[in-house]
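Below: one structure, written as structure tokens.
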Number of protein chains: 2
Amino acid sequence: MNEVDPLIRKFQKELSAGTVSFLLLAQLAKADEPLYGYQIAKQLEQDGDGMLSGKQSALYPVLRNLDAAGLLQSEVEPSVAGPPRRYYRITDFGREVFSAWRNTWQQTQTLVNTVLEGAPQ
Amino acid sequence: MNEVDPLIRKFQKELSAGTVSFLLLAQLAKADEPLYGYQIAKQLEQDGDGMLSGKQSALYPVLRNLDAAGLLQSEVEPSVAGPPRRYYRITDFGREVFSAWRNTWQQTQTLVNTVLEGAPQ
């Protein structure tokens, strides 16, 4: 651990604070059926190639917030083994927000990559 | 103004909280000479194609924080007209952090774009 590591973690944390709701909405926008938290987390972990491993627990409060804000809707169903599971699906409002956030993400990406152009490695 | 607008602004705000220090470091990593706040803001505004207009004042505290953390160093110089100006340059430590943040940014970009693949427009 050196002086740079805490600053890397800070930047990672800030970027993930901005993107985690967006990533969850994207997963659910792609899903053909309602998904429960663990399924969503596992898919994100696969896509993230390990980048998100060990962070599943951080996703649950975000799912609940998206649900409370009307971007998702959820239903609790009994599970064959283990406790009942809360299944989430994206709402029409959630799809609208997802589409707007996608534009915001593209703009941010374009801005950052424009500024990075010509910066020394 | 509709229901979606406040959620767009929230996402913009979160993304820019994560990226503004990175953008400022990038500008100064590219600069051949020390720059003062207004110059940096103007360049970012040009690169951002209006996305950052009206947000210059938000950049000054971030410059001061980067200075205090040793990523930049600064010097006050008298100006021909108007008050003295604080000129910033990036330090070696700042270049090291910039390079690490660039990797973090690339990883985040890859993750988000991977998850977006296949999501409906």
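By order of appearance in the structure tokens: chains A, B, ..., then residues from 1 within every chain, and ligands from 1 in the order shown.
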
Moved coordinates, chain A onto chain B, all Cα atoms, as an mmCIF file with N, CA and C atoms, in the first residue's frame:
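In the end it all went to out-v5.cif:
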```cif
data_model
loop_
_atom_site.group_PDB
_atom_site.id
_atom_site.type_symbol
_atom_site.label_atom_id
_atom_site.label_comp_id
_atom_site.auth_asym_id
_atom_site.auth_seq_id
_atom_site.Cartn_x
_atom_site.Cartn_y
_atom_site.Cartn_z
ATOM 1 N N MET A 1 -40.648 20.766 -17.147
ATOM 2 C CA MET A 1 -40.056 19.894 -16.130
ATOM 3 C C MET A 1 -41.006 18.755 -15.799
ATOM 4 N N ASN A 2 -40.492 17.542 -15.868
ATOM 5 C CA ASN A 2 -41.309 16.375 -15.534
ATOM 6 C C ASN A 2 -40.627 15.602 -14.406
ATOM 7 N N GLU A 3 -41.161 14.438 -14.130
ATOM 8 C CA GLU A 3 -40.626 13.600 -13.049
ATOM 9 C C GLU A 3 -39.199 13.126 -13.300
ATOM 10 N N VAL A 4 -38.836 13.028 -14.594
ATOM 11 C CA VAL A 4 -37.530 12.471 -14.945
ATOM 12 C C VAL A 4 -36.399 13.472 -14.693
ATOM 13 N N ASP A 5 -36.686 14.762 -14.898
ATOM 14 C CA ASP A 5 -35.631 15.780 -14.804
ATOM 15 C C ASP A 5 -34.828 15.765 -13.506
ATOM 16 N N PRO A 6 -35.487 15.704 -12.335
ATOM 17 C CA PRO A 6 -34.692 15.680 -11.092
ATOM 18 C C PRO A 6 -33.767 14.454 -11.031
ATOM 19 N N LEU A 7 -34.209 13.350 -11.620
ATOM 20 C CA LEU A 7 -33.378 12.137 -11.596
ATOM 21 C C LEU A 7 -32.212 12.259 -12.564
ATOM 22 N N ILE A 8 -32.421 12.970 -13.663
ATOM 23 C CA ILE A 8 -31.305 13.228 -14.589
ATOM 24 C C ILE A 8 -30.261 14.107 -13.890
ATOM 25 N N ARG A 9 -30.747 15.176 -13.248
ATOM 26 C CA ARG A 9 -29.803 16.082 -12.565
ATOM 27 C C ARG A 9 -29.037 15.356 -11.466
ATOM 28 N N LYS A 10 -29.719 14.444 -10.757
ATOM 29 C CA LYS A 10 -29.063 13.677 -9.703
ATOM 30 C C LYS A 10 -27.917 12.831 -10.291
ATOM 31 N N PHE A 11 -28.195 12.177 -11.389
ATOM 32 C CA PHE A 11 -27.184 11.316 -12.018
ATOM 33 C C PHE A 11 -26.012 12.163 -12.544
ATOM 34 N N GLN A 12 -26.336 13.296 -13.182
ATOM 35 C CA GLN A 12 -25.285 14.202 -13.670
ATOM 36 C C GLN A 12 -24.389 14.654 -12.532
ATOM 37 N N LYS A 13 -25.027 14.991 -11.413
ATOM 38 C CA LYS A 13 -24.298 15.493 -10.256
ATOM 39 C C LYS A 13 -23.364 14.423 -9.694
ATOM 40 N N GLU A 14 -23.877 13.184 -9.610
ATOM 41 C CA GLU A 14 -23.062 12.089 -9.087
ATOM 42 C C GLU A 14 -21.883 11.790 -10.016
ATOM 43 N N LEU A 15 -22.159 11.786 -11.319
ATOM 44 C CA LEU A 15 -21.067 11.510 -12.258
ATOM 45 C C LEU A 15 -20.036 12.630 -12.225
ATOM 46 N N SER A 16 -20.491 13.876 -12.097
ATOM 47 C CA SER A 16 -19.501 14.940 -12.119
ATOM 48 C C SER A 16 -18.736 15.007 -10.793
ATOM 49 N N ALA A 17 -19.379 14.626 -9.684
ATOM 50 C CA ALA A 17 -18.641 14.539 -8.413
ATOM 51 C C ALA A 17 -17.471 13.566 -8.553
ATOM 52 N N GLY A 18 -17.700 12.489 -9.299
ATOM 53 C CA GLY A 18 -16.653 11.493 -9.472
ATOM 54 C C GLY A 18 -15.573 11.931 -10.431
ATOM 55 N N THR A 19 -15.923 12.765 -11.421
ATOM 56 C CA THR A 19 -14.967 12.992 -12.502
ATOM 57 C C THR A 19 -14.263 14.349 -12.483
ATOM 58 N N VAL A 20 -14.760 15.303 -11.692
ATOM 59 C CA VAL A 20 -14.217 16.654 -11.843
ATOM 60 C C VAL A 20 -12.725 16.749 -11.465
ATOM 61 N N SER A 21 -12.322 16.092 -10.384
ATOM 62 C CA SER A 21 -10.893 16.102 -10.014
ATOM 63 C C SER A 21 -10.055 15.485 -11.135
ATOM 64 N N PHE A 22 -10.583 14.395 -11.689
ATOM 65 C CA PHE A 22 -9.892 13.687 -12.770
ATOM 66 C C PHE A 22 -9.742 14.595 -13.996
ATOM 67 N N LEU A 23 -10.806 15.336 -14.327
ATOM 68 C CA LEU A 23 -10.755 16.228 -15.486
ATOM 69 C C LEU A 23 -9.756 17.361 -15.274
ATOM 70 N N LEU A 24 -9.728 17.897 -14.062
ATOM 71 C CA LEU A 24 -8.776 18.980 -13.765
ATOM 72 C C LEU A 24 -7.338 18.468 -13.851
ATOM 73 N N LEU A 25 -7.104 17.280 -13.306
ATOM 74 C CA LEU A 25 -5.751 16.696 -13.393
ATOM 75 C C LEU A 25 -5.363 16.471 -14.853
ATOM 76 N N ALA A 26 -6.329 15.989 -15.646
ATOM 77 C CA ALA A 26 -6.046 15.732 -17.063
ATOM 78 C C ALA A 26 -5.664 17.020 -17.780
ATOM 79 N N GLN A 27 -6.409 18.097 -17.527
ATOM 80 C CA GLN A 27 -6.095 19.387 -18.157
ATOM 81 C C GLN A 27 -4.683 19.815 -17.794
ATOM 82 N N LEU A 28 -4.339 19.656 -16.529
ATOM 83 C CA LEU A 28 -3.021 20.132 -16.097
ATOM 84 C C LEU A 28 -1.913 19.176 -16.527
ATOM 85 N N ALA A 29 -2.244 17.901 -16.723
ATOM 86 C CA ALA A 29 -1.243 16.959 -17.238
ATOM 87 C C ALA A 29 -0.901 17.288 -18.687
ATOM 88 N N LYS A 30 -1.861 17.873 -19.407
ATOM 89 C CA LYS A 30 -1.630 18.232 -20.811
ATOM 90 C C LYS A 30 -0.938 19.574 -20.975
ATOM 91 N N ALA A 31 -1.042 20.428 -19.937
ATOM 92 C CA ALA A 31 -0.582 21.816 -20.073
ATOM 93 C C ALA A 31 0.946 21.904 -20.085
ATOM 94 N N ASP A 32 1.474 22.782 -20.925
ATOM 95 C CA ASP A 32 2.920 22.986 -20.987
ATOM 96 C C ASP A 32 3.384 24.036 -19.975
ATOM 97 N N GLU A 33 2.442 24.757 -19.416
ATOM 98 C CA GLU A 33 2.789 25.825 -18.480
ATOM 99 C C GLU A 33 1.728 25.895 -17.392
ATOM 100 N N PRO A 34 2.061 26.533 -16.276
ATOM 101 C CA PRO A 34 1.069 26.675 -15.197
ATOM 102 C C PRO A 34 -0.165 27.439 -15.690
ATOM 103 N N LEU A 35 -1.319 27.037 -15.217
ATOM 104 C CA LEU A 35 -2.579 27.665 -15.632
ATOM 105 C C LEU A 35 -3.315 28.195 -14.409
ATOM 106 N N TYR A 36 -4.040 29.285 -14.583
ATOM 107 C CA TYR A 36 -4.875 29.741 -13.469
ATOM 108 C C TYR A 36 -6.308 29.260 -13.665
ATOM 109 N N GLY A 37 -7.057 29.292 -12.574
ATOM 110 C CA GLY A 37 -8.381 28.669 -12.534
ATOM 111 C C GLY A 37 -9.267 28.977 -13.727
ATOM 112 N N TYR A 38 -9.331 30.241 -14.084
ATOM 113 C CA TYR A 38 -10.236 30.640 -15.157
ATOM 114 C C TYR A 38 -9.839 30.002 -16.497
ATOM 115 N N GLN A 39 -8.512 29.886 -16.729
ATOM 116 C CA GLN A 39 -8.039 29.253 -17.973
ATOM 117 C C GLN A 39 -8.455 27.778 -18.038
ATOM 118 N N ILE A 40 -8.274 27.110 -16.903
ATOM 119 C CA ILE A 40 -8.625 25.687 -16.833
ATOM 120 C C ILE A 40 -10.124 25.514 -17.071
ATOM 121 N N ALA A 41 -10.903 26.364 -16.416
ATOM 122 C CA ALA A 41 -12.361 26.299 -16.554
ATOM 123 C C ALA A 41 -12.785 26.519 -18.000
ATOM 124 N N LYS A 42 -12.169 27.496 -18.653
ATOM 125 C CA LYS A 42 -12.528 27.811 -20.041
ATOM 126 C C LYS A 42 -12.212 26.646 -20.968
ATOM 127 N N GLN A 43 -11.045 26.019 -20.748
ATOM 128 C CA GLN A 43 -10.669 24.879 -21.587
ATOM 129 C C GLN A 43 -11.632 23.716 -21.388
ATOM 130 N N LEU A 44 -11.970 23.456 -20.128
ATOM 131 C CA LEU A 44 -12.920 22.371 -19.842
ATOM 132 C C LEU A 44 -14.268 22.669 -20.487
ATOM 133 N N GLU A 45 -14.657 23.929 -20.427
ATOM 134 C CA GLU A 45 -15.950 24.311 -20.984
ATOM 135 C C GLU A 45 -15.967 24.070 -22.493
ATOM 136 N N GLN A 46 -14.859 24.413 -23.145
ATOM 137 C CA GLN A 46 -14.759 24.163 -24.593
ATOM 138 C C GLN A 46 -14.838 22.670 -24.889
ATOM 139 N N ASP A 47 -14.042 21.884 -24.163
ATOM 140 C CA ASP A 47 -14.047 20.436 -24.386
ATOM 141 C C ASP A 47 -15.428 19.852 -24.109
ATOM 142 N N GLY A 48 -16.095 20.430 -23.113
ATOM 143 C CA GLY A 48 -17.379 19.883 -22.689
ATOM 144 C C GLY A 48 -18.517 20.342 -23.574
ATOM 145 N N ASP A 49 -18.212 21.219 -24.540
ATOM 146 C CA ASP A 49 -19.214 21.628 -25.504
ATOM 147 C C ASP A 49 -20.468 22.144 -24.784
ATOM 148 N N GLY A 50 -20.244 22.965 -23.776
ATOM 149 C CA GLY A 50 -21.380 23.578 -23.084
ATOM 150 C C GLY A 50 -21.876 22.785 -21.883
ATOM 151 N N MET A 51 -21.453 21.515 -21.803
ATOM 152 C CA MET A 51 -21.947 20.658 -20.720
ATOM 153 C C MET A 51 -21.566 21.211 -19.348
ATOM 154 N N LEU A 52 -20.445 21.936 -19.299
ATOM 155 C CA LEU A 52 -19.953 22.420 -18.017
ATOM 156 C C LEU A 52 -20.149 23.927 -17.842
ATOM 157 N N SER A 53 -20.848 24.551 -18.773
ATOM 158 C CA SER A 53 -20.955 26.011 -18.670
ATOM 159 C C SER A 53 -21.721 26.394 -17.415
ATOM 160 N N GLY A 54 -21.261 27.467 -16.794
ATOM 161 C CA GLY A 54 -21.890 27.917 -15.567
ATOM 162 C C GLY A 54 -21.462 27.136 -14.345
ATOM 163 N N LYS A 55 -20.476 26.269 -14.516
ATOM 164 C CA LYS A 55 -20.041 25.483 -13.365
ATOM 165 C C LYS A 55 -18.616 25.793 -12.939
ATOM 166 N N GLN A 56 -18.038 26.872 -13.520
ATOM 167 C CA GLN A 56 -16.649 27.215 -13.184
ATOM 168 C C GLN A 56 -16.429 27.351 -11.692
ATOM 169 N N SER A 57 -17.382 28.018 -11.029
ATOM 170 C CA SER A 57 -17.175 28.306 -9.607
ATOM 171 C C SER A 57 -17.012 27.014 -8.797
ATOM 172 N N ALA A 58 -17.602 25.924 -9.299
ATOM 173 C CA ALA A 58 -17.481 24.645 -8.603
ATOM 174 C C ALA A 58 -16.069 24.063 -8.720
ATOM 175 N N LEU A 59 -15.292 24.577 -9.684
ATOM 176 C CA LEU A 59 -13.956 24.012 -9.909
ATOM 177 C C LEU A 59 -12.928 24.532 -8.906
ATOM 178 N N TYR A 60 -13.126 25.750 -8.415
ATOM 179 C CA TYR A 60 -12.102 26.362 -7.568
ATOM 180 C C TYR A 60 -11.827 25.590 -6.282
ATOM 181 N N PRO A 61 -12.880 25.191 -5.553
ATOM 182 C CA PRO A 61 -12.578 24.397 -4.340
ATOM 183 C C PRO A 61 -11.888 23.074 -4.663
ATOM 184 N N VAL A 62 -12.195 22.496 -5.827
ATOM 185 C CA VAL A 62 -11.567 21.223 -6.197
ATOM 186 C C VAL A 62 -10.083 21.443 -6.489
ATOM 187 N N LEU A 63 -9.767 22.539 -7.168
ATOM 188 C CA LEU A 63 -8.349 22.883 -7.395
ATOM 189 C C LEU A 63 -7.614 23.055 -6.065
ATOM 190 N N ARG A 64 -8.250 23.727 -5.135
ATOM 191 C CA ARG A 64 -7.615 23.940 -3.822
ATOM 192 C C ARG A 64 -7.394 22.615 -3.103
ATOM 193 N N ASN A 65 -8.376 21.706 -3.196
ATOM 194 C CA ASN A 65 -8.213 20.390 -2.562
ATOM 195 C C ASN A 65 -7.066 19.595 -3.184
ATOM 196 N N LEU A 66 -6.968 19.632 -4.505
ATOM 197 C CA LEU A 66 -5.900 18.892 -5.194
ATOM 198 C C LEU A 66 -4.540 19.472 -4.819
ATOM 199 N N ASP A 67 -4.514 20.779 -4.649
ATOM 200 C CA ASP A 67 -3.303 21.483 -4.223
ATOM 201 C C ASP A 67 -2.923 21.028 -2.802
ATOM 202 N N ALA A 68 -3.899 21.049 -1.908
ATOM 203 C CA ALA A 68 -3.653 20.667 -0.516
ATOM 204 C C ALA A 68 -3.218 19.207 -0.398
ATOM 205 N N ALA A 69 -3.699 18.355 -1.321
ATOM 206 C CA ALA A 69 -3.357 16.935 -1.264
ATOM 207 C C ALA A 69 -2.037 16.628 -1.962
ATOM 208 N N GLY A 70 -1.399 17.657 -2.528
ATOM 209 C CA GLY A 70 -0.079 17.469 -3.136
ATOM 210 C C GLY A 70 -0.122 16.980 -4.582
ATOM 211 N N LEU A 71 -1.303 16.955 -5.181
ATOM 212 C CA LEU A 71 -1.402 16.531 -6.588
ATOM 213 C C LEU A 71 -1.081 17.700 -7.520
ATOM 214 N N LEU A 72 -1.315 18.897 -7.017
ATOM 215 C CA LEU A 72 -0.954 20.114 -7.747
ATOM 216 C C LEU A 72 -0.049 20.942 -6.857
ATOM 217 N N GLN A 73 0.676 21.879 -7.477
ATOM 218 C CA GLN A 73 1.297 22.921 -6.663
ATOM 219 C C GLN A 73 0.933 24.240 -7.294
ATOM 220 N N SER A 74 0.916 25.279 -6.480
ATOM 221 C CA SER A 74 0.433 26.554 -7.003
ATOM 222 C C SER A 74 1.285 27.710 -6.503
ATOM 223 N N GLU A 75 1.149 28.791 -7.220
ATOM 224 C CA GLU A 75 1.912 29.991 -6.924
ATOM 225 C C GLU A 75 1.050 31.195 -7.309
ATOM 226 N N VAL A 76 1.051 32.203 -6.446
ATOM 227 C CA VAL A 76 0.272 33.403 -6.756
ATOM 228 C C VAL A 76 1.174 34.377 -7.498
ATOM 229 N N GLU A 77 0.670 34.902 -8.604
ATOM 230 C CA GLU A 77 1.438 35.896 -9.359
ATOM 231 C C GLU A 77 0.581 37.127 -9.603
ATOM 232 N N PRO A 78 1.229 38.296 -9.577
ATOM 233 C CA PRO A 78 0.458 39.509 -9.851
ATOM 234 C C PRO A 78 -0.040 39.487 -11.293
ATOM 235 N N SER A 79 -1.169 40.082 -11.516
ATOM 236 C CA SER A 79 -1.737 40.155 -12.860
ATOM 237 C C SER A 79 -1.634 41.606 -13.344
ATOM 238 N N VAL A 80 -1.476 41.783 -14.668
ATOM 239 C CA VAL A 80 -1.368 43.136 -15.227
ATOM 240 C C VAL A 80 -2.625 43.939 -14.895
ATOM 241 N N ALA A 81 -3.753 43.291 -15.097
ATOM 242 C CA ALA A 81 -5.018 43.947 -14.746
ATOM 243 C C ALA A 81 -5.759 43.034 -13.793
ATOM 244 N N GLY A 82 -6.305 43.601 -12.752
ATOM 245 C CA GLY A 82 -7.100 42.795 -11.835
ATOM 246 C C GLY A 82 -6.259 42.220 -10.717
ATOM 247 N N PRO A 83 -6.894 41.401 -9.890
ATOM 248 C CA PRO A 83 -6.243 40.841 -8.696
ATOM 249 C C PRO A 83 -5.192 39.793 -9.084
ATOM 250 N N PRO A 84 -4.275 39.477 -8.168
ATOM 251 C CA PRO A 84 -3.271 38.444 -8.469
ATOM 252 C C PRO A 84 -3.947 37.105 -8.780
ATOM 253 N N ARG A 85 -3.232 36.273 -9.534
ATOM 254 C CA ARG A 85 -3.814 34.988 -9.941
ATOM 255 C C ARG A 85 -3.019 33.839 -9.362
ATOM 256 N N ARG A 86 -3.728 32.776 -8.996
ATOM 257 C CA ARG A 86 -3.053 31.570 -8.517
ATOM 258 C C ARG A 86 -2.854 30.619 -9.704
ATOM 259 N N TYR A 87 -1.596 30.326 -10.008
ATOM 260 C CA TYR A 87 -1.269 29.425 -11.118
ATOM 261 C C TYR A 87 -1.007 28.018 -10.594
ATOM 262 N N TYR A 88 -1.593 27.037 -11.264
ATOM 263 C CA TYR A 88 -1.454 25.636 -10.840
ATOM 264 C C TYR A 88 -0.637 24.841 -11.855
ATOM 265 N N ARG A 89 0.188 23.926 -11.324
ATOM 266 C CA ARG A 89 0.816 22.923 -12.189
ATOM 267 C C ARG A 89 0.685 21.568 -11.513
ATOM 268 N N ILE A 90 0.736 20.513 -12.296
ATOM 269 C CA ILE A 90 0.608 19.164 -11.735
ATOM 270 C C ILE A 90 1.971 18.731 -11.184
ATOM 271 N N THR A 91 1.956 18.008 -10.062
ATOM 272 C CA THR A 91 3.207 17.503 -9.478
ATOM 273 C C THR A 91 3.482 16.082 -9.998
ATOM 274 N N ASP A 92 4.659 15.544 -9.688
ATOM 275 C CA ASP A 92 4.948 14.157 -10.069
ATOM 276 C C ASP A 92 3.942 13.198 -9.413
ATOM 277 N N PHE A 93 3.626 13.476 -8.152
ATOM 278 C CA PHE A 93 2.632 12.655 -7.462
ATOM 279 C C PHE A 93 1.277 12.762 -8.172
ATOM 280 N N GLY A 94 0.931 13.966 -8.587
ATOM 281 C CA GLY A 94 -0.316 14.170 -9.327
ATOM 282 C C GLY A 94 -0.332 13.363 -10.621
ATOM 283 N N ARG A 95 0.801 13.277 -11.297
ATOM 284 C CA ARG A 95 0.868 12.491 -12.546
ATOM 285 C C ARG A 95 0.679 11.002 -12.267
ATOM 286 N N GLU A 96 1.236 10.571 -11.131
ATOM 287 C CA GLU A 96 1.097 9.165 -10.749
ATOM 288 C C GLU A 96 -0.386 8.841 -10.479
ATOM 289 N N VAL A 97 -1.023 9.731 -9.724
ATOM 290 C CA VAL A 97 -2.446 9.533 -9.410
ATOM 291 C C VAL A 97 -3.285 9.619 -10.689
ATOM 292 N N PHE A 98 -2.955 10.549 -11.545
ATOM 293 C CA PHE A 98 -3.693 10.697 -12.804
ATOM 294 C C PHE A 98 -3.645 9.396 -13.606
ATOM 295 N N SER A 99 -2.463 8.827 -13.677
ATOM 296 C CA SER A 99 -2.297 7.593 -14.445
ATOM 297 C C SER A 99 -3.121 6.447 -13.836
ATOM 298 N N ALA A 100 -3.128 6.356 -12.505
ATOM 299 C CA ALA A 100 -3.925 5.326 -11.828
ATOM 300 C C ALA A 100 -5.421 5.571 -12.041
ATOM 301 N N TRP A 101 -5.837 6.831 -11.950
ATOM 302 C CA TRP A 101 -7.262 7.167 -12.138
ATOM 303 C C TRP A 101 -7.703 6.870 -13.566
ATOM 304 N N ARG A 102 -6.782 7.055 -14.493
ATOM 305 C CA ARG A 102 -7.097 6.764 -15.886
ATOM 306 C C ARG A 102 -7.430 5.273 -16.056
ATOM 307 N N ASN A 103 -6.660 4.420 -15.378
ATOM 308 C CA ASN A 103 -6.976 2.986 -15.400
ATOM 309 C C ASN A 103 -8.337 2.706 -14.781
ATOM 310 N N THR A 104 -8.600 3.349 -13.640
ATOM 311 C CA THR A 104 -9.892 3.180 -12.971
ATOM 312 C C THR A 104 -11.027 3.609 -13.899
ATOM 313 N N TRP A 105 -10.839 4.737 -14.545
ATOM 314 C CA TRP A 105 -11.857 5.239 -15.485
ATOM 315 C C TRP A 105 -12.082 4.238 -16.620
ATOM 316 N N GLN A 106 -11.007 3.689 -17.177
ATOM 317 C CA GLN A 106 -11.145 2.719 -18.275
ATOM 318 C C GLN A 106 -11.916 1.483 -17.805
ATOM 319 N N GLN A 107 -11.596 1.009 -16.599
ATOM 320 C CA GLN A 107 -12.295 -0.166 -16.060
ATOM 321 C C GLN A 107 -13.778 0.111 -15.876
ATOM 322 N N THR A 108 -14.092 1.296 -15.333
ATOM 323 C CA THR A 108 -15.499 1.652 -15.106
ATOM 324 C C THR A 108 -16.233 1.753 -16.432
ATOM 325 N N GLN A 109 -15.582 2.382 -17.387
ATOM 326 C CA GLN A 109 -16.163 2.545 -18.702
ATOM 327 C C GLN A 109 -16.454 1.180 -19.341
ATOM 328 N N THR A 110 -15.487 0.274 -19.232
ATOM 329 C CA THR A 110 -15.658 -1.065 -19.793
ATOM 330 C C THR A 110 -16.809 -1.785 -19.104
ATOM 331 N N LEU A 111 -16.847 -1.703 -17.775
ATOM 332 C CA LEU A 111 -17.926 -2.348 -17.020
ATOM 333 C C LEU A 111 -19.284 -1.812 -17.448
ATOM 334 N N VAL A 112 -19.439 -0.493 -17.435
ATOM 335 C CA VAL A 112 -20.742 0.094 -17.752
ATOM 336 C C VAL A 112 -21.144 -0.267 -19.182
ATOM 337 N N ASN A 113 -20.216 -0.161 -20.116
ATOM 338 C CA ASN A 113 -20.577 -0.440 -21.505
ATOM 339 C C ASN A 113 -20.859 -1.920 -21.732
ATOM 340 N N THR A 114 -20.222 -2.783 -20.963
ATOM 341 C CA THR A 114 -20.533 -4.221 -21.041
ATOM 342 C C THR A 114 -21.962 -4.475 -20.556
ATOM 343 N N VAL A 115 -22.316 -3.853 -19.446
ATOM 344 C CA VAL A 115 -23.676 -4.041 -18.916
ATOM 345 C C VAL A 115 -24.714 -3.442 -19.865
ATOM 346 N N LEU A 116 -24.373 -2.325 -20.510
ATOM 347 C CA LEU A 116 -25.323 -1.681 -21.427
ATOM 348 C C LEU A 116 -25.566 -2.492 -22.688
ATOM 349 N N GLU A 117 -24.587 -3.344 -23.047
ATOM 350 C CA GLU A 117 -24.741 -4.136 -24.275
ATOM 351 C C GLU A 117 -26.023 -4.949 -24.219
ATOM 352 N N GLY A 118 -26.819 -4.813 -25.241
ATOM 353 C CA GLY A 118 -28.041 -5.610 -25.304
ATOM 354 C C GLY A 118 -29.212 -5.003 -24.557
ATOM 355 N N ALA A 119 -28.984 -3.867 -23.881
ATOM 356 C CA ALA A 119 -30.111 -3.213 -23.204
ATOM 357 C C ALA A 119 -30.947 -2.490 -24.260
ATOM 358 N N PRO A 120 -32.274 -2.534 -24.147
ATOM 359 C CA PRO A 120 -33.120 -1.866 -25.136
ATOM 360 C C PRO A 120 -32.942 -0.355 -25.067
ATOM 361 N N GLN A 121 -33.075 0.307 -26.209
ATOM 362 C CA GLN A 121 -32.940 1.779 -26.255
ATOM 363 C C GLN A 121 -34.087 2.453 -25.519
#
```

- Query: chain B: which residues are helix (DSSP H, G or I) by DSSP, as a PyMOL selection string?
  - Reply: chain B and resi 4-30+37-47+56-68+92-116
